Amino acid sequence: MKNVVFVSASPKINEQSVSKEFLEMAASLINATEFSKTFIDVRKSISAHKLSEDFETFSKAEVIIISFPLYYFCMPGILTRFLEDYYHSHTISGNISNKVKVYAIVNCGFPEPETNLEAVRVIKSFSRHIKAEFRFGVLIGGGPMMFAAKNAPFMKKAVQKLNNAFLSIAEDIQQENFAKPDHIYIGVNFPKRLYFFMGGRGWITSARKNGLQKKDLYKKPYRLNE
Ligand SMILES: Cc1cc2nc3c(=O)[nH]c(=O)nc-3n(C[C@H](O)[C@H](O)[C@H](O)COP(=O)(O)O)c2cc1C
């Protein structure tokens, strides 16, 4: 039985994570009678001090599926740290030898799925470093909307594409000599201006929840000369 390890890496603590939901959706399409499934939540792994245990699990994977949100046009710091520490603790000591297949599911707030490409390249580079085989990425634009409005009629096509993309992962992990597919790009079909307006409202609501005002969102604390 092949061992599939699912890694979710949203820095969110108490809120629902979109990337985790996508990962669970992908996991539900993988046949449980043929594959054993183990889940690692990077955020929890760090806060519960169970990194060594999870690195052990990670090192035994035959398939790794990593799902994470785009943060500042790359992957969240907790995931960078997790993968770097794993690399230092396991590959430098020479523990890695098996051929592992790696997939990335990356979702972002901007509607264009291409925004995630650089982050996928980082996972590809990591795969090379651990001598694993990076297969392909599922790049999702407008992730929060895709998830929140998944039952709305205008999302039907995008949700279908999402399902097909995750089915492609499920098929690809079963094949030995399958030609390498291209990345899969999925965006939301929604008027852009309205999308950005709603996104802006979301940031303002978040600011208020955190005791800030709208104008605080425009502060530039990183400018030394102001
Ligand atoms: C601090 C922060 C930085 C973000 N940076 C980007 C970004 O650079 N580009 C983008 O399109 N979305 C960005 N987003 C949006 C997230 O990628 C998006 O909301 C994602 O669905 C969150 O997934 P999660 O619920 O699993 O954390 C950012 C969100 C936060 C909170």
# chains A, B, ... in the order shown; residues from 1 in each chain; ligands from 1
>>> residues_around(residues="A:Met1", least_positions_apart="3", cutoff="8 Å", atoms="only C-alpha atoms", output="PyMOL selection string")
chain A and resi 34-36
>>> write_last_selection(atoms="C-alpha atoms", output="compact mmCIF listing (two decimals), in the first residue's frame")
# COMPACT_ATOMS: atom_id res chain seq x y z
CA GLU A 34 -4.92 1.35 -2.32
CA PHE A 35 -3.25 4.20 -0.46
CA SER A 36 -2.66 4.97 3.18
>>> select_by_dssp(residues="stretch 50-164 of chain A", states="strand (DSSP E)", output="NGL selection string")
:A and (63-69 or 101-107 or 133-140)
>>> write_last_selection(atoms="N, CA and C atoms", output="mmCIF file, in the first residue's frame")
data_model
loop_
_atom_site.group_PDB
_atom_site.id
_atom_site.type_symbol
_atom_site.label_atom_id
_atom_site.label_comp_id
_atom_site.auth_asym_id
_atom_site.auth_seq_id
_atom_site.Cartn_x
_atom_site.Cartn_y
_atom_site.Cartn_z
ATOM 1 N N VAL A 63 4.294 9.505 -1.723
ATOM 2 C CA VAL A 63 3.639 10.606 -2.440
ATOM 3 C C VAL A 63 3.439 11.735 -1.435
ATOM 4 N N ILE A 64 3.814 12.954 -1.851
ATOM 5 C CA ILE A 64 3.601 14.115 -0.970
ATOM 6 C C ILE A 64 2.719 15.123 -1.709
ATOM 7 N N ILE A 65 1.635 15.538 -1.067
ATOM 8 C CA ILE A 65 0.770 16.563 -1.662
ATOM 9 C C ILE A 65 0.745 17.741 -0.685
ATOM 10 N N ILE A 66 1.269 18.874 -1.145
ATOM 11 C CA ILE A 66 1.377 20.044 -0.254
ATOM 12 C C ILE A 66 0.391 21.110 -0.702
ATOM 13 N N SER A 67 -0.479 21.539 0.204
ATOM 14 C CA SER A 67 -1.443 22.594 -0.138
ATOM 15 C C SER A 67 -1.206 23.803 0.760
ATOM 16 N N PHE A 68 -1.080 24.969 0.144
ATOM 17 C CA PHE A 68 -0.819 26.162 0.967
ATOM 18 C C PHE A 68 -1.342 27.419 0.272
ATOM 19 N N PRO A 69 -1.541 28.483 1.070
ATOM 20 C CA PRO A 69 -1.980 29.753 0.473
ATOM 21 C C PRO A 69 -0.768 30.554 0.020
ATOM 22 N N LYS A 101 6.919 11.067 -5.293
ATOM 23 C CA LYS A 101 6.219 11.998 -6.183
ATOM 24 C C LYS A 101 5.678 13.158 -5.364
ATOM 25 N N VAL A 102 5.871 14.368 -5.877
ATOM 26 C CA VAL A 102 5.412 15.559 -5.137
ATOM 27 C C VAL A 102 4.438 16.372 -5.997
ATOM 28 N N TYR A 103 3.381 16.873 -5.356
ATOM 29 C CA TYR A 103 2.385 17.733 -6.018
ATOM 30 C C TYR A 103 2.181 18.963 -5.140
ATOM 31 N N ALA A 104 1.886 20.093 -5.781
ATOM 32 C CA ALA A 104 1.587 21.314 -5.013
ATOM 33 C C ALA A 104 0.192 21.808 -5.373
ATOM 34 N N ILE A 105 -0.574 22.174 -4.344
ATOM 35 C CA ILE A 105 -1.869 22.832 -4.569
ATOM 36 C C ILE A 105 -1.721 24.210 -3.930
ATOM 37 N N VAL A 106 -1.712 25.249 -4.766
ATOM 38 C CA VAL A 106 -1.498 26.588 -4.220
ATOM 39 C C VAL A 106 -2.687 27.474 -4.560
ATOM 40 N N ASN A 107 -3.231 28.136 -3.562
ATOM 41 C CA ASN A 107 -4.347 29.047 -3.844
ATOM 42 C C ASN A 107 -4.014 30.450 -3.369
ATOM 43 N N GLU A 133 10.519 13.531 -7.124
ATOM 44 C CA GLU A 133 10.115 13.912 -8.478
ATOM 45 C C GLU A 133 8.915 14.840 -8.409
ATOM 46 N N PHE A 134 9.126 16.092 -8.731
ATOM 47 C CA PHE A 134 7.984 17.001 -8.736
ATOM 48 C C PHE A 134 7.146 16.702 -9.970
ATOM 49 N N ARG A 135 5.840 16.480 -9.769
ATOM 50 C CA ARG A 135 4.976 16.123 -10.912
ATOM 51 C C ARG A 135 4.311 17.363 -11.499
ATOM 52 N N PHE A 136 3.369 17.961 -10.771
ATOM 53 C CA PHE A 136 2.755 19.190 -11.288
ATOM 54 C C PHE A 136 2.027 19.930 -10.170
ATOM 55 N N GLY A 137 1.650 21.154 -10.484
ATOM 56 C CA GLY A 137 0.950 21.961 -9.497
ATOM 57 C C GLY A 137 -0.487 22.230 -9.929
ATOM 58 N N VAL A 138 -1.356 22.412 -8.946
ATOM 59 C CA VAL A 138 -2.713 22.892 -9.214
ATOM 60 C C VAL A 138 -2.738 24.327 -8.679
ATOM 61 N N LEU A 139 -2.847 25.284 -9.612
ATOM 62 C CA LEU A 139 -2.747 26.702 -9.248
ATOM 63 C C LEU A 139 -4.149 27.307 -9.255
ATOM 64 N N ILE A 140 -4.578 27.793 -8.103
ATOM 65 C CA ILE A 140 -5.962 28.246 -7.956
ATOM 66 C C ILE A 140 -6.013 29.746 -7.670
#
>>> closest_residue(among="A:Ala148, A:Ile186, A:Val120, A:Ile130", to="A:His90", atoms="only C-alpha atoms")
A:Ile130
>>> select_by_dssp(residues="stretch 83-185 of chain A", states="helix (DSSP H, G or I)", output="number ranges by chain")
A: 83-91, 113-129, 143-148, 153-172
>>> closest_residue(among="A:Arg43, A:Lys180, A:Lys37, A:Lys209", to="ligand 1", atoms="only C-alpha atoms and all ligand atoms")
A:Arg43
>>> closest_residue(among="A:Gly142, A:Asn14, A:Glu171, A:Ser127", to="ligand 1", atoms="only C-alpha atoms and all ligand atoms")
A:Gly142
>>> closest_residue(among="A:Val188, A:Cys74, A:Ile173, A:Leu162", to="ligand 1", atoms="only C-alpha atoms and all ligand atoms")
A:Cys74
>>> closest_residue(among="A:Lys2, A:Lys220, A:Lys20, A:Lys60", to="ligand 1", atoms="only C-alpha atoms and all ligand atoms")
A:Lys20
